[in-house]
file final_31.cif (mmCIF, C-alpha atoms)
data_input
#
loop_
_atom_site.group_PDB
_atom_site.id
_atom_site.type_symbol
_atom_site.label_atom_id
_atom_site.label_comp_id
_atom_site.auth_asym_id
_atom_site.auth_seq_id
_atom_site.Cartn_x
_atom_site.Cartn_y
_atom_site.Cartn_z
ATOM 1 C CA MET A 1 29.974 -6.390 15.353
ATOM 2 C CA MET A 2 27.988 -3.756 13.465
ATOM 3 C CA THR A 3 25.276 -5.081 11.167
ATOM 4 C CA ALA A 4 23.657 -3.536 8.096
ATOM 5 C CA LEU A 5 20.223 -1.966 8.059
ATOM 6 C CA PRO A 6 17.335 -4.385 7.586
ATOM 7 C CA ALA A 7 16.410 -5.069 3.975
ATOM 8 C CA LEU A 8 15.285 -1.951 2.161
ATOM 9 C CA PRO A 9 13.413 -1.587 -1.135
ATOM 10 C CA HIS A 10 15.570 -1.290 -4.237
ATOM 11 C CA ALA A 11 13.430 1.580 -5.502
ATOM 12 C CA VAL A 12 10.818 3.962 -4.096
ATOM 13 C CA ARG A 13 7.975 5.663 -5.955
ATOM 14 C CA VAL A 14 7.785 9.248 -4.737
ATOM 15 C CA VAL A 15 4.308 10.801 -4.907
ATOM 16 C CA GLU A 16 4.673 14.584 -5.189
ATOM 17 C CA VAL A 17 1.767 16.354 -3.473
ATOM 18 C CA GLY A 18 3.054 19.938 -3.456
ATOM 19 C CA PRO A 19 0.755 21.417 -6.126
ATOM 20 C CA ARG A 20 -2.351 20.139 -4.302
ATOM 21 C CA ASP A 21 -1.744 19.268 -0.662
ATOM 22 C CA GLY A 22 1.050 21.811 -0.442
ATOM 23 C CA LEU A 23 -0.566 24.823 -2.083
ATOM 24 C CA GLN A 24 -4.026 24.292 -0.572
ATOM 25 C CA ASN A 25 -2.737 25.465 2.803
ATOM 26 C CA GLU A 26 -0.744 28.418 1.510
ATOM 27 C CA LYS A 27 -2.310 31.823 2.200
ATOM 28 C CA ALA A 28 -0.976 33.547 -0.921
ATOM 29 C CA LEU A 29 -3.105 32.797 -3.982
ATOM 30 C CA ILE A 30 -0.919 31.397 -6.756
ATOM 31 C CA PRO A 31 -1.826 32.373 -10.359
ATOM 32 C CA THR A 32 -2.965 29.514 -12.589
ATOM 33 C CA LEU A 33 -0.093 29.809 -15.070
ATOM 34 C CA GLN A 34 2.452 29.626 -12.254
ATOM 35 C CA LYS A 35 0.745 26.512 -10.860
ATOM 36 C CA ILE A 36 0.962 24.892 -14.277
ATOM 37 C CA GLN A 37 4.646 25.815 -14.570
ATOM 38 C CA PHE A 38 5.305 24.399 -11.085
ATOM 39 C CA ILE A 39 3.673 21.098 -12.069
ATOM 40 C CA HIS A 40 5.632 20.992 -15.332
ATOM 41 C CA MET A 41 8.925 21.526 -13.487
ATOM 42 C CA LEU A 42 8.151 18.749 -11.014
ATOM 43 C CA ALA A 43 7.212 16.340 -13.793
ATOM 44 C CA ASP A 44 10.352 17.309 -15.707
ATOM 45 C CA ALA A 45 12.361 16.385 -12.605
ATOM 46 C CA GLY A 46 11.272 12.793 -13.182
ATOM 47 C CA LEU A 47 8.636 12.507 -10.481
ATOM 48 C CA PRO A 48 6.342 9.641 -11.527
ATOM 49 C CA VAL A 49 3.295 11.086 -9.747
ATOM 50 C CA VAL A 50 2.492 14.793 -9.388
ATOM 51 C CA GLU A 51 -0.798 15.412 -7.605
ATOM 52 C CA ALA A 52 -2.028 18.424 -9.517
ATOM 53 C CA THR A 53 -5.101 19.918 -7.850
ATOM 54 C CA SER A 54 -8.463 19.217 -6.236
ATOM 55 C CA PHE A 55 -11.990 19.365 -7.629
ATOM 56 C CA VAL A 56 -13.538 20.411 -4.344
ATOM 57 C CA SER A 57 -15.921 23.333 -3.999
ATOM 58 C CA PRO A 58 -14.156 26.623 -4.816
ATOM 59 C CA ARG A 59 -15.706 28.039 -1.641
ATOM 60 C CA ALA A 60 -14.054 25.327 0.463
ATOM 61 C CA ILE A 61 -10.523 25.872 -0.867
ATOM 62 C CA PRO A 62 -10.251 29.061 -2.978
ATOM 63 C CA GLN A 63 -6.598 28.284 -3.792
ATOM 64 C CA LEU A 64 -7.728 25.350 -5.942
ATOM 65 C CA SER A 65 -10.764 26.965 -7.566
ATOM 66 C CA ASP A 66 -8.965 26.887 -10.924
ATOM 67 C CA ALA A 67 -8.731 23.080 -11.011
ATOM 68 C CA SER A 68 -10.247 22.723 -14.488
ATOM 69 C CA GLU A 69 -8.023 25.459 -15.931
ATOM 70 C CA VAL A 70 -4.926 23.839 -14.434
ATOM 71 C CA MET A 71 -5.705 20.383 -15.808
ATOM 72 C CA LEU A 72 -6.690 21.668 -19.253
ATOM 73 C CA GLY A 73 -3.544 23.799 -19.379
ATOM 74 C CA LEU A 74 -1.083 21.022 -18.601
ATOM 75 C CA THR A 75 1.244 19.517 -21.157
ATOM 76 C CA ARG A 76 1.263 15.987 -19.787
ATOM 77 C CA ARG A 77 4.248 13.690 -19.911
ATOM 78 C CA PRO A 78 3.337 10.067 -20.694
ATOM 79 C CA SER A 79 5.662 8.882 -17.899
ATOM 80 C CA THR A 80 3.912 10.997 -15.229
ATOM 81 C CA SER A 81 0.547 10.521 -13.552
ATOM 82 C CA TYR A 82 -1.364 13.679 -12.576
ATOM 83 C CA PRO A 83 -4.001 12.618 -10.017
ATOM 84 C CA VAL A 84 -6.511 15.028 -8.526
ATOM 85 C CA LEU A 85 -8.571 14.939 -5.356
ATOM 86 C CA VAL A 86 -12.343 14.556 -5.774
ATOM 87 C CA PRO A 87 -14.921 14.721 -2.945
ATOM 88 C CA ASN A 88 -18.084 13.566 -4.727
ATOM 89 C CA VAL A 89 -19.693 12.628 -8.041
ATOM 90 C CA LYS A 90 -20.001 16.277 -9.111
ATOM 91 C CA GLY A 91 -16.261 16.736 -8.599
ATOM 92 C CA MET A 92 -15.614 13.494 -10.466
ATOM 93 C CA GLU A 93 -17.661 14.676 -13.432
ATOM 94 C CA ARG A 94 -15.720 17.959 -13.522
ATOM 95 C CA ALA A 95 -12.453 16.030 -13.345
ATOM 96 C CA LEU A 96 -13.403 13.719 -16.202
ATOM 97 C CA ALA A 97 -14.385 16.728 -18.317
ATOM 98 C CA ALA A 98 -10.883 18.111 -17.750
ATOM 99 C CA GLY A 99 -9.250 14.901 -18.960
ATOM 100 C CA VAL A 100 -8.254 13.491 -15.574
ATOM 101 C CA ARG A 101 -7.068 9.862 -15.619
ATOM 102 C CA ALA A 102 -6.254 9.348 -11.931
ATOM 103 C CA ILE A 103 -8.098 10.492 -8.813
ATOM 104 C CA ALA A 104 -7.903 10.296 -5.045
ATOM 105 C CA VAL A 105 -10.678 10.196 -2.452
ATOM 106 C CA PHE A 106 -10.143 11.174 1.164
ATOM 107 C CA THR A 107 -11.476 10.263 4.570
ATOM 108 C CA ALA A 108 -9.996 9.825 8.036
ATOM 109 C CA ALA A 109 -9.644 7.361 10.884
ATOM 110 C CA SER A 110 -11.038 9.941 13.331
ATOM 111 C CA GLU A 111 -14.734 10.867 13.434
ATOM 112 C CA SER A 112 -14.051 14.381 14.739
ATOM 113 C CA PHE A 113 -11.570 15.183 12.006
ATOM 114 C CA THR A 114 -13.861 13.836 9.289
ATOM 115 C CA ARG A 115 -16.662 16.039 10.617
ATOM 116 C CA HIS A 116 -14.434 19.134 10.624
ATOM 117 C CA ASN A 117 -12.832 18.337 7.261
ATOM 118 C CA ILE A 118 -15.744 17.250 5.059
ATOM 119 C CA ASN A 119 -18.734 17.629 7.394
ATOM 120 C CA THR A 120 -19.685 13.947 7.409
ATOM 121 C CA THR A 121 -19.173 10.880 9.543
ATOM 122 C CA ILE A 122 -16.633 8.309 8.384
ATOM 123 C CA ALA A 123 -19.468 6.005 7.296
ATOM 124 C CA GLU A 124 -21.127 8.809 5.336
ATOM 125 C CA SER A 125 -17.840 9.720 3.654
ATOM 126 C CA LEU A 126 -17.359 6.121 2.557
ATOM 127 C CA ALA A 127 -20.919 5.983 1.225
ATOM 128 C CA ASN A 128 -20.280 9.192 -0.756
ATOM 129 C CA PHE A 129 -17.185 7.645 -2.352
ATOM 130 C CA ARG A 130 -18.848 4.465 -3.638
ATOM 131 C CA PRO A 131 -20.445 6.066 -6.711
ATOM 132 C CA VAL A 132 -17.241 8.060 -7.328
ATOM 133 C CA VAL A 133 -15.109 4.917 -7.316
ATOM 134 C CA ALA A 134 -17.683 3.048 -9.405
ATOM 135 C CA LEU A 135 -17.614 5.816 -12.033
ATOM 136 C CA ALA A 136 -13.808 5.855 -11.978
ATOM 137 C CA ARG A 137 -13.645 2.094 -12.558
ATOM 138 C CA GLN A 138 -16.194 2.398 -15.358
ATOM 139 C CA GLU A 139 -14.010 5.057 -17.012
ATOM 140 C CA GLY A 140 -10.723 3.222 -16.403
ATOM 141 C CA VAL A 141 -9.477 5.911 -14.025
ATOM 142 C CA ALA A 142 -7.024 4.920 -11.275
ATOM 143 C CA VAL A 143 -8.200 5.532 -7.700
ATOM 144 C CA ARG A 144 -6.118 6.257 -4.612
ATOM 145 C CA GLY A 145 -7.516 6.610 -1.105
ATOM 146 C CA TYR A 146 -6.179 8.939 1.565
ATOM 147 C CA ILE A 147 -6.739 8.083 5.203
ATOM 148 C CA SER A 148 -6.015 11.098 7.403
ATOM 149 C CA THR A 149 -5.253 11.155 11.161
ATOM 150 C CA VAL A 150 -3.885 7.609 11.058
ATOM 151 C CA PHE A 151 -1.577 8.216 14.022
ATOM 152 C CA GLY A 152 -3.282 11.058 15.851
ATOM 153 C CA CYS A 153 -6.122 13.564 15.635
ATOM 154 C CA PRO A 154 -6.085 17.253 16.636
ATOM 155 C CA TYR A 155 -9.460 16.764 18.348
ATOM 156 C CA GLU A 156 -9.296 13.215 19.753
ATOM 157 C CA GLY A 157 -5.613 12.507 20.362
ATOM 158 C CA ARG A 158 -4.137 9.094 19.549
ATOM 159 C CA VAL A 159 -6.102 6.976 17.080
ATOM 160 C CA LYS A 160 -6.377 3.222 17.547
ATOM 161 C CA PRO A 161 -4.841 1.204 14.682
ATOM 162 C CA ALA A 162 -7.983 -0.955 14.537
ATOM 163 C CA ARG A 163 -9.934 2.096 13.336
ATOM 164 C CA VAL A 164 -7.411 2.604 10.554
ATOM 165 C CA LEU A 165 -7.806 -1.030 9.504
ATOM 166 C CA HIS A 166 -11.598 -0.693 9.375
ATOM 167 C CA VAL A 167 -11.420 2.329 7.056
ATOM 168 C CA ALA A 168 -8.662 0.776 4.929
ATOM 169 C CA GLN A 169 -10.640 -2.403 4.337
ATOM 170 C CA ALA A 170 -13.772 -0.432 3.433
ATOM 171 C CA LEU A 171 -11.866 1.598 0.827
ATOM 172 C CA LEU A 172 -10.237 -1.462 -0.710
ATOM 173 C CA GLU A 173 -13.535 -3.328 -0.847
ATOM 174 C CA MET A 174 -15.135 -0.558 -2.920
ATOM 175 C CA GLY A 175 -12.292 -0.692 -5.455
ATOM 176 C CA VAL A 176 -9.644 1.786 -4.278
ATOM 177 C CA GLU A 177 -6.297 0.533 -5.568
ATOM 178 C CA GLU A 178 -3.794 2.276 -3.288
ATOM 179 C CA LEU A 179 -4.005 3.646 0.259
ATOM 180 C CA SER A 180 -1.973 6.551 1.612
ATOM 181 C CA LEU A 181 -1.615 6.490 5.409
ATOM 182 C CA GLY A 182 -1.503 10.094 6.601
ATOM 183 C CA ASP A 183 0.102 11.499 9.738
ATOM 184 C CA THR A 184 -1.950 14.658 9.360
ATOM 185 C CA ILE A 185 -0.635 16.545 12.397
ATOM 186 C CA GLY A 186 2.867 15.069 12.488
ATOM 187 C CA VAL A 187 2.672 13.174 15.775
ATOM 188 C CA ALA A 188 3.778 9.707 14.666
ATOM 189 C CA THR A 189 6.850 7.982 16.046
ATOM 190 C CA PRO A 190 8.498 4.903 14.518
ATOM 191 C CA ASN A 191 6.905 2.439 16.940
ATOM 192 C CA GLN A 192 3.444 3.641 15.859
ATOM 193 C CA VAL A 193 4.411 3.114 12.222
ATOM 194 C CA VAL A 194 5.311 -0.483 13.067
ATOM 195 C CA ASP A 195 2.017 -0.989 14.921
ATOM 196 C CA VAL A 196 -0.216 0.399 12.170
ATOM 197 C CA ILE A 197 1.497 -1.177 9.156
ATOM 198 C CA GLY A 198 1.889 -4.457 11.027
ATOM 199 C CA LEU A 199 -1.835 -4.582 11.771
ATOM 200 C CA LEU A 200 -2.858 -3.713 8.204
ATOM 201 C CA VAL A 201 -0.519 -6.261 6.633
ATOM 202 C CA ASN A 202 -0.682 -9.104 9.163
ATOM 203 C CA ASP A 203 -4.252 -8.916 10.474
ATOM 204 C CA GLY A 204 -5.831 -7.148 7.501
ATOM 205 C CA ALA A 205 -3.924 -9.103 4.832
ATOM 206 C CA ILE A 206 -3.430 -5.866 2.873
ATOM 207 C CA PRO A 207 -0.548 -6.209 0.380
ATOM 208 C CA LEU A 208 2.395 -3.925 1.058
ATOM 209 C CA ALA A 209 2.313 -2.875 -2.600
ATOM 210 C CA GLN A 210 -1.040 -1.141 -1.977
ATOM 211 C CA LEU A 211 0.217 0.984 0.926
ATOM 212 C CA ALA A 212 1.899 4.390 0.881
ATOM 213 C CA VAL A 213 2.946 6.666 3.743
ATOM 214 C CA HIS A 214 2.331 10.397 4.066
ATOM 215 C CA PHE A 215 4.139 12.114 6.938
ATOM 216 C CA HIS A 216 4.130 15.687 8.162
ATOM 217 C CA ASP A 217 7.260 16.950 9.871
ATOM 218 C CA THR A 218 5.603 18.924 12.668
ATOM 219 C CA ARG A 219 7.796 17.355 15.344
ATOM 220 C CA GLY A 220 10.804 16.431 13.212
ATOM 221 C CA THR A 221 10.082 12.693 13.005
ATOM 222 C CA ALA A 222 9.002 12.370 9.356
ATOM 223 C CA LEU A 223 12.231 10.914 7.948
ATOM 224 C CA ALA A 224 12.607 8.541 10.901
ATOM 225 C CA ASN A 225 9.085 7.309 10.240
ATOM 226 C CA VAL A 226 9.820 6.891 6.526
ATOM 227 C CA LEU A 227 12.913 4.824 7.302
ATOM 228 C CA VAL A 228 10.935 2.444 9.500
ATOM 229 C CA ALA A 229 8.220 2.183 6.845
ATOM 230 C CA LEU A 230 10.874 1.270 4.265
ATOM 231 C CA GLN A 231 12.257 -1.391 6.588
ATOM 232 C CA LEU A 232 8.743 -2.819 6.829
ATOM 233 C CA GLY A 233 8.544 -3.087 3.044
ATOM 234 C CA ILE A 234 6.740 0.114 2.056
ATOM 235 C CA SER A 235 7.976 1.485 -1.279
ATOM 236 C CA ILE A 236 5.602 4.411 -1.949
ATOM 237 C CA VAL A 237 6.199 7.689 -0.104
ATOM 238 C CA ASP A 238 4.318 11.001 -0.392
ATOM 239 C CA SER A 239 6.192 14.285 -0.113
ATOM 240 C CA SER A 240 5.874 17.937 -1.040
ATOM 241 C CA ALA A 241 8.441 20.070 -2.848
ATOM 242 C CA GLY A 242 9.976 22.526 -0.421
ATOM 243 C CA GLY A 243 7.919 21.041 2.428
ATOM 244 C CA LEU A 244 4.915 23.108 1.322
ATOM 245 C CA GLY A 245 1.565 22.877 2.994
ATOM 246 C CA GLY A 246 -0.098 21.369 5.988
ATOM 247 C CA CYS A 247 -3.819 20.914 6.448
ATOM 248 C CA PRO A 248 -6.420 23.695 6.695
ATOM 249 C CA TYR A 249 -8.520 21.544 9.044
ATOM 250 C CA ALA A 250 -5.712 20.401 11.351
ATOM 251 C CA PRO A 251 -4.653 23.141 13.785
ATOM 252 C CA GLY A 252 -0.907 23.159 14.320
ATOM 253 C CA ALA A 253 -0.049 20.892 11.405
ATOM 254 C CA ALA A 254 3.272 21.901 9.889
ATOM 255 C CA GLY A 255 4.267 21.257 6.312
ATOM 256 C CA ASN A 256 4.557 17.936 4.604
ATOM 257 C CA LEU A 257 7.791 16.021 4.488
ATOM 258 C CA ALA A 258 9.924 17.879 1.933
ATOM 259 C CA THR A 259 10.604 16.055 -1.317
ATOM 260 C CA GLU A 260 14.186 17.335 -1.338
ATOM 261 C CA ASP A 261 14.889 15.956 2.145
ATOM 262 C CA LEU A 262 13.313 12.610 1.255
ATOM 263 C CA LEU A 263 15.302 12.325 -1.981
ATOM 264 C CA TYR A 264 18.572 13.199 -0.253
ATOM 265 C CA MET A 265 18.054 10.384 2.238
ATOM 266 C CA LEU A 266 16.887 7.829 -0.318
ATOM 267 C CA HIS A 267 19.653 8.554 -2.803
ATOM 268 C CA GLY A 268 22.242 8.530 -0.027
ATOM 269 C CA MET A 269 21.049 5.049 0.910
ATOM 270 C CA GLY A 270 21.349 3.810 -2.661
ATOM 271 C CA ILE A 271 17.584 3.621 -3.201
ATOM 272 C CA GLN A 272 16.503 4.533 -6.726
ATOM 273 C CA THR A 273 13.727 7.042 -7.405
ATOM 274 C CA GLY A 274 14.333 8.207 -10.966
ATOM 275 C CA VAL A 275 14.034 11.804 -9.724
ATOM 276 C CA ASP A 276 16.559 14.607 -10.283
ATOM 277 C CA LEU A 277 17.022 16.288 -6.893
ATOM 278 C CA ASP A 278 18.496 19.472 -8.368
ATOM 279 C CA LYS A 279 15.443 19.917 -10.600
ATOM 280 C CA VAL A 280 13.122 19.570 -7.603
ATOM 281 C CA VAL A 281 15.120 22.306 -5.859
ATOM 282 C CA ALA A 282 14.669 24.435 -8.993
ATOM 283 C CA ALA A 283 10.896 23.902 -8.834
ATOM 284 C CA SER A 284 10.832 24.937 -5.176
ATOM 285 C CA ARG A 285 12.983 27.954 -6.018
ATOM 286 C CA PHE A 286 10.461 28.914 -8.721
ATOM 287 C CA ILE A 287 7.411 28.771 -6.430
ATOM 288 C CA ALA A 288 9.064 30.262 -3.306
ATOM 289 C CA PRO A 289 8.769 33.983 -4.253
ATOM 290 C CA LEU A 290 5.030 33.545 -4.803
ATOM 291 C CA LEU A 291 4.444 32.143 -1.311
ATOM 292 C CA GLY A 292 5.693 35.009 0.803
ATOM 293 C CA HIS A 293 7.899 32.742 2.906
ATOM 294 C CA PRO A 294 10.885 30.447 2.280
ATOM 295 C CA PRO A 295 10.360 26.691 1.836
ATOM 296 C CA THR A 296 10.935 24.663 5.000
ATOM 297 C CA SER A 297 13.007 21.936 3.320
ATOM 298 C CA LYS A 298 16.355 21.624 5.070
ATOM 299 C CA TYR A 299 18.062 20.430 1.902
ATOM 300 C CA TYR A 300 16.604 23.374 -0.037
ATOM 301 C CA GLN A 301 17.832 25.836 2.568
ATOM 302 C CA ALA A 302 21.321 24.315 2.491
ATOM 303 C CA ALA A 303 21.416 24.382 -1.305
ATOM 304 C CA VAL A 304 20.295 28.001 -1.501
ATOM 305 C CA SER A 305 22.704 29.183 1.194
ATOM 306 C CA ALA A 306 25.562 27.455 -0.643
ATOM 307 C CA ASP A 307 24.927 29.465 -3.824
#

call {"tool": "encode", "arguments": {"input": "final_31.cif", "output": "structure tokens"}}
result
Amino acid sequence: MMTALPALPHAVRVVEVGPRDGLQNEKALIPTLQKIQFIHMLADAGLPVVEATSFVSPRAIPQLSDASEVMLGLTRRPSTSYPVLVPNVKGMERALAAGVRAIAVFTAASESFTRHNINTTIAESLANFRPVVALARQEGVAVRGYISTVFGCPYEGRVKPARVLHVAQALLEMGVEELSLGDTIGVATPNQVVDVIGLLVNDGAIPLAQLAVHFHDTRGTALANVLVALQLGISIVDSSAGGLGGCPYAPGAAGNLATEDLLYMLHGMGIQTGVDLDKVVAASRFIAPLLGHPPTSKYYQAAVSAD
């Protein structure tokens, strides 16, 4: 006798990372006004979180050197959060000056990747974040923490789940409210998702409500990994419109899981998101000519070819 899927969440909060994590790895420089329009279209689609930009050094990521202009130029919807990435107190001060009310900090579970990405050790990166998080809490700004290379590192190979737990606990202890578990190079398989989330929840006593997943589709396993995460009780999933992006410090990393593909699966399973899939396709269609290549989203490609 066939049985139903294990219990799944009634609703999922989709965190759209295209304007930041997506565009930062695109070679074509996108004009500021077009970035703002892209963000507006994604917010108008009903996405509850649209990660807008990053207040890193303009020399590090030229694509996002207009972070202040983007944030000051936005017409913000009260129902949408517009977090930005900040690497240090200087970036946090710039973000606050631009009216930012939600931020994210970022480290990794792999020492080699952290060194290549932000030129620090994991311990040093955590120490750098403490004053950032303290300032955010003082200002009433929400804080998310990204942990990269949770399932594998381009320099070290497979990463032990215990290292992920160590970093996760350190971030939560300093006041980070939500953790995004990143498969930076797209190597994860469903059994690894079970191992990592199981360790964090069972051994680390981290509430499921504080965990999100962030998969890249390098090897075509992103949706399978999302499904397993949902079955484990995860209800926050990161994705990027059109499948934009990758990681400039992760050789071989393909684009993020496409928001369109994620929404198609979730809606087909009766899981609510509050997001209009057609409007996300329209946003991807808007940004595509500026990129110099078509979006990788399979749903997008099917929708466009059907026109």

call {"tool": "closest_atom_pairs", "arguments": {"input": "final_31.cif", "of": "range 189-246 of chain A", "to": "range 27-41 of chain A", "cutoff": "12 Å", "atoms": "only C-alpha atoms", "output": "JSON lines"}}
result
{"residue": "A:Ser240", "atom": "CA", "partner": "A:Ile39", "partner_atom": "CA", "distance": 11.7}
{"residue": "A:Ala241", "atom": "CA", "partner": "A:Phe38", "partner_atom": "CA", "distance": 9.8}
{"residue": "A:Gly242", "atom": "CA", "partner": "A:Phe38", "partner_atom": "CA", "distance": 11.8}
{"residue": "A:Leu244", "atom": "CA", "partner": "A:Lys27", "partner_atom": "CA", "distance": 11.4}
{"residue": "A:Gly245", "atom": "CA", "partner": "A:Lys27", "partner_atom": "CA", "distance": 9.8}
{"residue": "A:Gly246", "atom": "CA", "partner": "A:Lys27", "partner_atom": "CA", "distance": 11.3}

call {"tool": "write_last_selection", "arguments": {"input": "final_31.cif", "atoms": "C-alpha atoms", "output": "short mmCIF file (atom, residue, chain, number, x, y, z; two decimals), keeping the file's coordinate frame"}}
result
data_model
loop_
_atom_site.label_atom_id
_atom_site.label_comp_id
_atom_site.auth_asym_id
_atom_site.auth_seq_id
_atom_site.Cartn_x
_atom_site.Cartn_y
_atom_site.Cartn_z
CA SER A 240 5.87 17.94 -1.04
CA ALA A 241 8.44 20.07 -2.85
CA GLY A 242 9.98 22.53 -0.42
CA LEU A 244 4.92 23.11 1.32
CA GLY A 245 1.56 22.88 2.99
CA GLY A 246 -0.10 21.37 5.99
#

call {"tool": "closest_atom_pairs", "arguments": {"input": "final_31.cif", "of": "range 55-102 of chain A", "to": "range 107-115 of chain A", "cutoff": "12 Å", "atoms": "all atoms listed in the file", "output": "JSON lines"}}
result
{"residue": "A:Leu85", "atom": "CA", "partner": "A:Thr107", "partner_atom": "CA", "distance": 11.4}
{"residue": "A:Val86", "atom": "CA", "partner": "A:Thr107", "partner_atom": "CA", "distance": 11.2}
{"residue": "A:Pro87", "atom": "CA", "partner": "A:Thr107", "partner_atom": "CA", "distance": 9.4}
{"residue": "A:Asn88", "atom": "CA", "partner": "A:Thr107", "partner_atom": "CA", "distance": 11.9}

call {"tool": "closest_residue", "arguments": {"input": "final_31.cif", "among": "A:Arg219, A:Arg130, A:Arg285, A:Lys279", "to": "Val89 in chain A", "atoms": "all atoms listed in the file"}}
result
A:Arg130

call {"tool": "resolve_selection", "arguments": {"input": "final_31.cif", "expression": "the PyMOL selection byres ((chain A and resi 159) around 12)", "output": "ChimeraX atom specification"}}
result
/A:108-113,147-158,160-165,182-185,187-188,192,195-196

call {"tool": "resolve_selection", "arguments": {"input": "final_31.cif", "expression": "the PyMOL selection byres ((chain A and resi 300-302) around 8)", "output": "list in words"}}
result
Gly242, Glu260, Asp261, Val281, Ser284, Pro295, Thr296, Ser297, Lys298, Tyr299, Ala303, Val304, Ser305 and Ala306 of chain A

call {"tool": "closest_residue", "arguments": {"input": "final_31.cif", "among": "A:Ala282, A:Leu208, A:Ala136, A:Met174", "to": "Glu93 in chain A", "atoms": "only C-alpha atoms"}}
result
A:Ala136

call {"tool": "residues_near_point", "arguments": {"input": "final_31.cif", "point": "(17.9, 13.3, -11.0)", "cutoff": "10 Å", "atoms": "only C-alpha atoms", "output": "ChimeraX atom specification"}}
result
/A:44-47,263,267,272-280

call {"tool": "resolve_selection", "arguments": {"input": "final_31.cif", "expression": "the PyMOL selection byres ((chain A and resi 21) around 10)", "output": "number ranges by chain"}}
result
A: 16-20, 22-26, 51-54, 85, 239-240, 244-248, 255-256

call {"tool": "write_last_selection", "arguments": {"input": "final_31.cif", "atoms": "C-alpha atoms", "output": "PDB file, in the coordinates of the input"}}
result
ATOM      1  CA  GLU A  16       4.673  14.584  -5.189  1.00  0.00           C
ATOM      2  CA  VAL A  17       1.767  16.354  -3.473  1.00  0.00           C
ATOM      3  CA  GLY A  18       3.054  19.938  -3.456  1.00  0.00           C
ATOM      4  CA  PRO A  19       0.755  21.417  -6.126  1.00  0.00           C
ATOM      5  CA  ARG A  20      -2.351  20.139  -4.302  1.00  0.00           C
ATOM      6  CA  GLY A  22       1.050  21.811  -0.442  1.00  0.00           C
ATOM      7  CA  LEU A  23      -0.566  24.823  -2.083  1.00  0.00           C
ATOM      8  CA  GLN A  24      -4.026  24.292  -0.572  1.00  0.00           C
ATOM      9  CA  ASN A  25      -2.737  25.465   2.803  1.00  0.00           C
ATOM     10  CA  GLU A  26      -0.744  28.418   1.510  1.00  0.00           C
ATOM     11  CA  GLU A  51      -0.798  15.412  -7.605  1.00  0.00           C
ATOM     12  CA  ALA A  52      -2.028  18.424  -9.517  1.00  0.00           C
ATOM     13  CA  THR A  53      -5.101  19.918  -7.850  1.00  0.00           C
ATOM     14  CA  SER A  54      -8.463  19.217  -6.236  1.00  0.00           C
ATOM     15  CA  LEU A  85      -8.571  14.939  -5.356  1.00  0.00           C
ATOM     16  CA  SER A 239       6.192  14.285  -0.113  1.00  0.00           C
ATOM     17  CA  SER A 240       5.874  17.937  -1.040  1.00  0.00           C
ATOM     18  CA  LEU A 244       4.915  23.108   1.322  1.00  0.00           C
ATOM     19  CA  GLY A 245       1.565  22.877   2.994  1.00  0.00           C
ATOM     20  CA  GLY A 246      -0.098  21.369   5.988  1.00  0.00           C
ATOM     21  CA  CYS A 247      -3.819  20.914   6.448  1.00  0.00           C
ATOM     22  CA  PRO A 248      -6.420  23.695   6.695  1.00  0.00           C
ATOM     23  CA  GLY A 255       4.267  21.257   6.312  1.00  0.00           C
ATOM     24  CA  ASN A 256       4.557  17.936   4.604  1.00  0.00           C
TER      25      ASN A 256
END

call {"tool": "closest_atom_pairs", "arguments": {"input": "final_31.cif", "of": "range 130-200 of chain A", "to": "range 229-238 of chain A", "cutoff": "12 Å", "atoms": "all atoms listed in the file", "output": "Markdown table"}}
result
| residue | atom | partner | partner_atom | distance |
| --- | --- | --- | --- | --- |
| A:Tyr146 | CA | A:Asp238 | CA | 10.9 |
| A:Glu178 | CA | A:Ile236 | CA | 9.7 |
| A:Leu179 | CA | A:Ile236 | CA | 9.9 |
| A:Ser180 | CA | A:Asp238 | CA | 8.0 |
| A:Leu181 | CA | A:Asp238 | CA | 9.4 |
| A:Gly182 | CA | A:Asp238 | CA | 9.1 |
| A:Asp183 | CA | A:Asp238 | CA | 11.0 |
| A:Ala188 | CA | A:Ala229 | CA | 11.7 |
| A:Thr189 | CA | A:Ala229 | CA | 11.0 |
| A:Pro190 | CA | A:Ala229 | CA | 8.1 |
| A:Asn191 | CA | A:Ala229 | CA | 10.2 |
| A:Gln192 | CA | A:Ala229 | CA | 10.3 |
| A:Val193 | CA | A:Ala229 | CA | 6.7 |
| A:Val194 | CA | A:Ala229 | CA | 7.4 |
| A:Asp195 | CA | A:Ala229 | CA | 10.7 |
| A:Val196 | CA | A:Ala229 | CA | 10.1 |
| A:Ile197 | CA | A:Leu232 | CA | 7.8 |
| A:Gly198 | CA | A:Leu232 | CA | 8.2 |
| A:Leu199 | CA | A:Leu232 | CA | 11.8 |
| A:Leu200 | CA | A:Leu232 | CA | 11.7 |

call {"tool": "atom_distance", "arguments": {"input": "final_31.cif", "atom1": "CA of Pro207 in chain A", "atom2": "CA of Val228 in chain A"}}
result
17.0 Å

call {"tool": "residues_around", "arguments": {"input": "final_31.cif", "residues": "Ala95 in chain A", "least_positions_apart": "4", "cutoff": "12 Å", "atoms": "all atoms listed in the file", "output": "ChimeraX atom specification"}}
result
/A:52-56,66-72,82-91,99-104,132,135-136,139,141

call {"tool": "atom_distance", "arguments": {"input": "final_31.cif", "atom1": "CA of Leu257 in chain A", "atom2": "CA of Gln63 in chain A"}}
result
20.6 Å

call {"tool": "atom_distance", "arguments": {"input": "final_31.cif", "atom1": "CA of His166 in chain A", "atom2": "CA of Thr218 in chain A"}}
result
26.3 Å

call {"tool": "closest_residue", "arguments": {"input": "final_31.cif", "among": "A:Val176, A:Ala288, A:Val15, A:Leu266", "to": "Val133 in chain A", "atoms": "all atoms listed in the file"}}
result
A:Val176
